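Here's the structure, in structure tokens; my notes come after.
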Amino acid sequence: MPAVSKGDGMRGLAVFISDIRNCKSKEAEIKRINKELANIRSKFKGDKALDGYSKKKYVCKLLFIFLLGHDIDFGHMEAVNLLSSNKYTEKQIGYLFISVLVNSNSELIRLINNAIKNDLSSRNPTFMCLALHCIANVGSREMAEAFAGEIPRILVAGDTMDSVKQSAALCLLRLYKASPDLVLMGEWTSRVVHLLNDQHMGVVTAAISLITCLSSKNPDEFKTCVSLAVSRLSRIVSSASTDLQDYTYYFVPAPWLSCKLLRLLQCYPPPEDGAVKGRLVECLETILNKAQEPPKSKKVQHSNAKNAILFEAISLIIHYDSEPNLLVRACNQLGQFLQHRETNLRYLALESMCTLASSEFSHEAVKTHIETVINALKTERDVSVRQRAADLLYAMCDRSNAKQIVAEMLSYLETADYSIREEMVLKVAILAEKYAVDYSWYVDTILNLIRIAGDYVSEEVWYRVIQIVINRDDVQGYAAKTVFEALQAPACHENMVKVGGYILGEFGNLIAGDPRSSPLVQFNLLHSKFHLCSVPTRALLLSAYIKFINLFPETKATIQEVLRSDSQIRNSDVELQQRAVEYLKLSSIASTDVLATVLEEMPPFPERESSILAKLKKKKGPGAVSVELEDGKERGELNGGGDRGGDAAIAASNASTPSPSADLLGLRSTAPASGATPSAGSLLVDVFSEAGPSATSAGVNDDGFLRFVCKNNGVLFENQLLQIGIKSEYRQNLGRMYLFYGNKTSVQFVSFNTTVSCPGELQSHILQLEPLVEGGAQVQQVINIECLTDFIDAPLLNIKFRYGGALQNISLKLPVTINKFFQPTEMAAADFFQRWKQLSQPQQEAQKIFKASHGMDTEVLKAKLLGLGTALLENVDPNPENYVCAGVIQTKAQQVGCLLRLEPNARLGECVIVCISFVHQNLGIFSHSSLQIFSSA
Amino acid sequence: LVATGVGAKTYRRIRFILIQNRAGKTRLAKWYMQFDDDEKQKLIEEVHAVVTVRDAKHTNFVEFRNFKIIYRRYAGLYFCICVDVTDNNLAYLEGIHNFVEVLNEYFHNVCELDLVFNFYKVYTVVDEMFLAGEIRETSQTKVLKQLLMLQSLE
């Protein structure tokens with residue numbers, strides 16, 4: 001039997017290591033090391049040439065010192081010298097030093113590569129392996145440049161030794177991983193695939209890693225490997241435990257190779273060839289059968305090796321997701337493991353079942369294990385096992401078991417480890433929303449979440465509950481009541497206060513009839529929490545208070561008193577102070593009507609993918625895998641369910657909607673919270689706008705369109721039957737439109753249907769309406785618009801409905817123009833003109849002269865320019881008659897800065913408008929279209 | 001630590017192998033990913049912290065950053081392999097045992113001191129069995145035969 005004694009061969013090294021081990025302190029160790037370093041340095045510098053042995057010994061000592069954690073700044077050259085020794089032990093130490101210590105861009109690399117080159121061509125398999133291992137360990141680009149051509153040749157050459165082939169395969173893999181561009185596919189690639197047939201199992205074991213990597217990158221080029229892998233696997237699986245001799249591990253034939261073969265097959269879909277597929281299914285069945293056989297050994301190594309293959313086979317079965325029989329068998333097998341005495345197996349079964357849960361074939365089978373999994377969540381000692389159980393519960397959740405699973409997860413949360421609480425909270429929130437049949441259950445669940453794990457409830461979660469409550473009027477009263485009750489707790493979490501403040505501010509009136517929750521009681525309850533809260537929460541509460549004044553005039557005096565107190569109105573926090581001052585003023589000077597308008601109830605939020613789900617997806621770790629799969633399932637579910645008005649397209653098109661903070665902007669902005677607050681600019685334009693709505697019902701209606709270039713709200717269309725009002729808001733490259741369809745008749749419209757067709761530069765999504773519009777009723781529709789890049793054509797809105805049997809068909813241009821995506825930019829005079837001059841290339845500039853049909857009224861012009869969305873720059877142009885503006889157009893693809901100058905000529909009654917824009921190819925089109933719009937507006 | 005590279009879904013590999021004792025002294029560190037020295041030190045400390053608090057009732061797998069550690073304790077030594085989360089736990093767990101059996105045979109009842117005094121040979125054993133983050137050879141007979149042959153060379 002081979003056995004090596006301590007440090008044989010290098011006595012000096014053994015002595016040195018012993019010395020170091022005997023050092024009583026760090027100082028002593030450093031002293032000893034410094035002594036040794038001095039000694040080695042002097043030897044290397046000495047006049048006497050060192051023999052190979054000494055060089056090897058000193059280099060090895062240096063390596064040891066480095067591994068202890070000390071810097072080594074010499075000896076590299078000696079190590080490189082060792083590479084050219086023809087003694088194995090010297091060469092080995094040289095290569096080891098290089099592998100551990102030499103970084104890739106060392107100037108020694110040329111010398112090293114030279115030595116490697118010599119060894120590769122030495123035909124000495126031991127030296128070739130040393131050289132290949134060095135390349136595999138360092139894997140630098142320089143090495144790839146030098147050897148990426150040579151190694152494939154070594155790998156497939158007929159006379160290469162098996163051990164060299166093994167090393168060459170993995171060495172090539174390393175180079176391919178590090179520098180794929182340098183490893184050129186060629187004649188060798190087809191021969192590499194045939195290594196799967198190699199006699200030597202070690203060669204197959206190494207080569208298959210390379211093949212798997214290459215296949216995952218170029219599946220078509222390597223697809224012949226599938227049938228080869230299946231037949232190799234089949235031979236292994238059907239062999240007796242003694243057939244493979246050296247490659248049998250505790251009575252299991254070639255476990256690692258089997259796993260690698262099964263892994264390789266996961267790069268491909270199920271084999272198309274019936275015979276190959278049949279053979280593979282047979283293998284998989286055999287593997288499943290073997291799991292049921294009595295073990296050939298009691299040793300854990302035996303069962304581990306066997307189960308390694310089993311789990312990899314199950315991965316492949318799940319990957320195929322096409323054999324219901326195998327999927328169910330896999331599930332049953334894992335079900336047995338769920339109760340196994342080995343923690344490892346329970347863990348792996350939970351993990352693997354998680355992916356099975358997302359297959360339609362095995363979802364039901366997985367669900368039968370719910371009690372076992374819940375039990376695991378409660379009783380497992382290892383937190384990572386409990387985590388897997390929680391993941392699995394999440395994955396197996398559907399409408400039928402959601403209440404049970406959510407309840408179990410909530411109760412687990414009370415004692416859950418801190419490390420997994422946040423993820424658990426997200427999961428509970430998602431499940432509660434996804435499977436909510438009655439929304440009071442949803443509200444209860446989220447409030448429970450906040451109560452149990454308030455610290456872990458992220459913004460996304462409490463934003464979401466508010467969005468949902470606002471969008472569903474059937475739950476608003478319940479939410480107000482529940483949150484009111486929750487706030488009674490003496491110590492309730494700040495997140496509860498936030499939700500409570502928001503909901504009572506909106507819907508407190510729904511419970512105000514009960515004397516136990518009268519307006520003043522509600523207010524006092526909220527205000528009792530005020531002083532314990534952070535600034536953002538206080539700001540939110542102040543907004544709730546002003547909403548209270550609107551909802552309950554009887555609270556006005558009390559609330560004004562609070563706002564007026566020094567702690568509010570003189571608060572050192574600017575935000576709080578500003579809110580207090582503004583709200584106080586607003587409540588004192590505004591008429592009830594104005595107050596009611598400004599503080600009206602929040603409009604519904606657009607339906608969209610839950611931001612919580614997005615957050616969970618972002619979270620890393622194994623959970624993420626199941627979530628991805630889960631997501632696919634969810635879309636199907638939504639399609640079928642339909643009661644939430646969502647569909648797959650919405651989920652898809654909404655992937656890029658703004659963060660939830662944009663939704664609840666009202667909470668943060670200093671302005672009183674109200675949904676569609678129009679921008680100052682459009683308000684001004686509104687004031688100056690004239691021209692009543694015109695009515696046509698044939699062809700595309702343009703009239704309305706142009707009136708909306710500089711404003712966002714108004715009547716878009718009107719005829720004898722229908723009036724369409726519009727309210728829109730824009731933020732960066734996103735827009736949201738509220739269309740109000742008013743039925744002017746006393747007869748209902750049926751089959752009322754609207755569609756939007758968008759040019760490719762825009763993306764829109766529209767929430768479908770009920771097909772009936774009652775006589776005299778008004779329905780609201782939300783359209784979300786995203787500007788991907790600059791565009792000319794506006795989206796078309798098509799409305800179809802039947803009125804007394806006659807089909808009505810109306811097409812309108814939706815007033816979405818490029819300037820809606822302007823963001824004003826303030827700029828000093830010097831800046832403005834410097835840029836103006838820089839950018840005056842012909843293709844960057846557009847100019848238009850137009851008749852000032854509305855006269856030269858300064859205010860009108862100003863209002864229009866502001867309405868355009870740019871910033872009107874005062875005191876910039878030397879000629880006070882002129883107007884200059886600056887803004888940035890926000891599209892998803894890019895942001896385009898624009899400068900604008902308007903020169904009115906009172907004598908001619910004309911204006912010249914010049915628009916220039918930064919570096920942008922399509923600018924001509926863009927600015928021209930924008931000018932067109934402006935001049936005709 | 002960020003999972004990168006070709007076909008991340010199916011292509012997985014070992015990120016590093018560590019042998020540490022209970023006190024946290026490293027007896028072998030083999031890296032299959034580029035790390036700078038500080039990062040290596042941090043990883044070593046973190047792995048030690050994660051692994052040593054676990055007992056026999058725990059699994060041999062533990063999540064670690066974006067990866068997982070498959071580990072097994074032999075007397076006072078922890079053998080740890082860091083792999084991608086989707087990789088085969090049991091295959092690596094037995095990969096460790098296979099490696100330990102080879103060391104045991106090669107050093108004739110291996111003990112911690114063998115690994116200290118023969119650290120440069122341990123690297124050779126590792127390279128025979130694991131290369132470029134992949135399993136290279138699994139046959140104990142073949143590995144030992146090769147090691148014996150190398151031992152005989154001067």
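A note on labels: chains of the structure tokens are A, B, ... as shown, every chain counts residues from 1, and ligands are counted from 1 in their shown order.
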
Compute the set of chain B residues within 8 Å of chain A, using only C-alpha atoms, and express it as number ranges by chain. B: 5-7, 10-11, 32, 57-63, 65-67, 85-86, 88-91, 94, 105-108, 114, 117-118, 120, 123, 127, 131-132, 134-142, 144, 148, 150, 153-154

What lies within 12 Å of Ile44 of chain B using only C-alpha atoms, ignoring chain neighbours under 3 positions off, as a PyMOL selection string? chain B and resi 16-21+23-31+35+37-41+47-51+64+69+78+80-82

Please provide as a PyMOL selection string all residues within 10 Å of Lys367 of chain A, with the sequence filter that same-chain residues fewer than 5 positions apart are discarded (counting only C-alpha atoms). chain A and resi 353+357+362+373+392-393+395-398+400-401

Save the residues we just selected, N, CA, C and O atoms, as a short mmCIF file (atom, residue, chain, number, x, y, z; two decimals), in the first residue's frame?
data_model
loop_
_atom_site.label_atom_id
_atom_site.label_comp_id
_atom_site.auth_asym_id
_atom_site.auth_seq_id
_atom_site.Cartn_x
_atom_site.Cartn_y
_atom_site.Cartn_z
N MET A 353 -39.22 18.16 -4.82
CA MET A 353 -40.67 18.20 -4.96
C MET A 353 -41.16 19.59 -5.34
O MET A 353 -42.19 19.76 -5.97
N ALA A 357 -43.90 20.30 -8.19
CA ALA A 357 -45.20 20.92 -7.92
C ALA A 357 -45.64 21.80 -9.07
O ALA A 357 -46.83 22.06 -9.25
N SER A 362 -47.83 16.44 -12.13
CA SER A 362 -47.57 15.96 -10.78
C SER A 362 -48.06 16.90 -9.69
O SER A 362 -47.93 16.59 -8.52
N VAL A 373 -45.53 17.95 4.86
CA VAL A 373 -44.70 19.15 4.65
C VAL A 373 -44.97 20.18 5.76
O VAL A 373 -44.04 20.81 6.28
N LEU A 392 -41.73 24.60 -0.55
CA LEU A 392 -42.61 23.60 -1.16
C LEU A 392 -44.08 23.96 -0.92
O LEU A 392 -44.91 23.84 -1.82
N LEU A 393 -44.39 24.40 0.29
CA LEU A 393 -45.78 24.82 0.54
C LEU A 393 -46.18 25.92 -0.43
O LEU A 393 -47.28 25.93 -0.97
N ALA A 395 -44.96 26.40 -3.36
CA ALA A 395 -45.07 25.87 -4.72
C ALA A 395 -46.33 25.03 -4.90
O ALA A 395 -46.88 24.97 -5.99
N MET A 396 -46.76 24.36 -3.85
CA MET A 396 -47.92 23.48 -4.02
C MET A 396 -49.25 24.21 -3.77
O MET A 396 -50.32 23.62 -3.88
N CYS A 397 -49.15 25.47 -3.45
CA CYS A 397 -50.36 26.20 -3.10
C CYS A 397 -51.23 26.44 -4.34
O CYS A 397 -50.75 26.79 -5.40
N ASP A 398 -52.49 26.22 -4.19
CA ASP A 398 -53.44 26.62 -5.21
C ASP A 398 -54.76 26.99 -4.51
O ASP A 398 -54.82 27.03 -3.28
N SER A 400 -57.32 25.45 -3.86
CA SER A 400 -57.94 24.48 -2.97
C SER A 400 -57.33 24.47 -1.57
O SER A 400 -57.98 24.12 -0.60
N ASN A 401 -56.04 24.83 -1.47
CA ASN A 401 -55.40 24.70 -0.16
C ASN A 401 -54.81 26.01 0.35
O ASN A 401 -54.10 26.04 1.34
#

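Take atom CA of Leu721 of chain A and atom CA of Arg802 of chain A: the distance between them is 10.9 Å.
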
Mind checking which residues fall within 9 Å of Phe708 of chain A, counting only C-alpha atoms, ignoring those fewer than 6 positions away in the same chain, and posting them as a PDB file with all heavy atoms, in the first residue's frame?
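And here's selection_26.pdb as it stands now:
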ATOM      1  N   GLY A 714     -59.784  67.159 -20.475  1.00  0.00           N
ATOM      2  CA  GLY A 714     -60.866  67.830 -21.170  1.00  0.00           C
ATOM      3  C   GLY A 714     -61.775  66.836 -21.863  1.00  0.00           C
ATOM      4  O   GLY A 714     -61.697  65.626 -21.614  1.00  0.00           O
ATOM      5  N   LEU A 716     -62.635  64.896 -25.011  1.00  0.00           N
ATOM      6  CA  LEU A 716     -61.912  64.447 -26.193  1.00  0.00           C
ATOM      7  C   LEU A 716     -62.857  64.319 -27.389  1.00  0.00           C
ATOM      8  O   LEU A 716     -62.487  64.561 -28.522  1.00  0.00           O
ATOM      9  CB  LEU A 716     -61.252  63.092 -25.897  1.00  0.00           C
ATOM     10  CG  LEU A 716     -60.433  62.440 -27.003  1.00  0.00           C
ATOM     11  CD1 LEU A 716     -59.225  63.289 -27.353  1.00  0.00           C
ATOM     12  CD2 LEU A 716     -59.969  61.060 -26.573  1.00  0.00           C
ATOM     13  N   PRO A 815     -54.708  61.484 -27.747  1.00  0.00           N
ATOM     14  CA  PRO A 815     -53.766  62.606 -27.750  1.00  0.00           C
ATOM     15  C   PRO A 815     -52.460  62.272 -27.047  1.00  0.00           C
ATOM     16  O   PRO A 815     -52.174  62.789 -25.978  1.00  0.00           O
ATOM     17  CB  PRO A 815     -54.528  63.713 -27.037  1.00  0.00           C
ATOM     18  CG  PRO A 815     -55.521  63.015 -26.189  1.00  0.00           C
ATOM     19  CD  PRO A 815     -55.853  61.729 -26.868  1.00  0.00           C
ATOM     20  N   VAL A 816     -51.690  61.401 -27.647  1.00  0.00           N
ATOM     21  CA  VAL A 816     -50.361  61.118 -27.117  1.00  0.00           C
ATOM     22  C   VAL A 816     -49.375  61.678 -28.123  1.00  0.00           C
ATOM     23  O   VAL A 816     -49.295  61.199 -29.242  1.00  0.00           O
ATOM     24  CB  VAL A 816     -50.130  59.611 -26.971  1.00  0.00           C
ATOM     25  CG1 VAL A 816     -48.754  59.348 -26.382  1.00  0.00           C
ATOM     26  CG2 VAL A 816     -51.207  58.987 -26.114  1.00  0.00           C
ATOM     27  N   THR A 817     -48.694  62.717 -27.736  1.00  0.00           N
ATOM     28  CA  THR A 817     -47.714  63.318 -28.629  1.00  0.00           C
ATOM     29  C   THR A 817     -46.372  63.308 -27.928  1.00  0.00           C
ATOM     30  O   THR A 817     -46.306  63.219 -26.702  1.00  0.00           O
ATOM     31  CB  THR A 817     -48.122  64.763 -28.974  1.00  0.00           C
ATOM     32  OG1 THR A 817     -48.504  65.416 -27.764  1.00  0.00           O
ATOM     33  CG2 THR A 817     -49.293  64.772 -29.933  1.00  0.00           C
ATOM     34  N   ALA A 937     -51.461  74.002 -33.068  1.00  0.00           N
ATOM     35  CA  ALA A 937     -52.252  73.901 -31.841  1.00  0.00           C
ATOM     36  C   ALA A 937     -52.949  75.215 -31.519  1.00  0.00           C
ATOM     37  O   ALA A 937     -52.445  76.261 -31.858  1.00  0.00           O
ATOM     38  CB  ALA A 937     -51.356  73.503 -30.675  1.00  0.00           C
TER      39      ALA A 937
END

Picked from chain B by DSSP as strand (DSSP E), as a VMD selection string: chain B and resid 14 to 21 26 to 31 61 to 64 67 to 74 77 to 84 130 to 131 134 to 135

Find the residue from A:Leu734, A:Phe523, A:Lys800, A:Asp793 that sits nearest to Gln890 of chain A; use only C-alpha atoms when measuring.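 Checking each of A:Leu734, A:Phe523, A:Lys800, A:Asp793 against Gln890 of chain A, counting only C-alpha atoms, the winner is A:Leu734.
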
Closest to Ser352 of chain A among B:Asp87, B:Tyr71, B:Ile14, B:Glu46, using only C-alpha atoms?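 Between B:Asp87, B:Tyr71, B:Ile14, B:Glu46, the residue approaching Ser352 of chain A most closely is B:Asp87.
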
Would you pick out the contacts of segment 30-33 of chain A at 8 Å or less, using only C-alpha atoms, so that residues sharing its chain but fewer than 6 positions from it are not included, and give the list as an MDAnalysis selection string? chainID A and resid 19:20 65
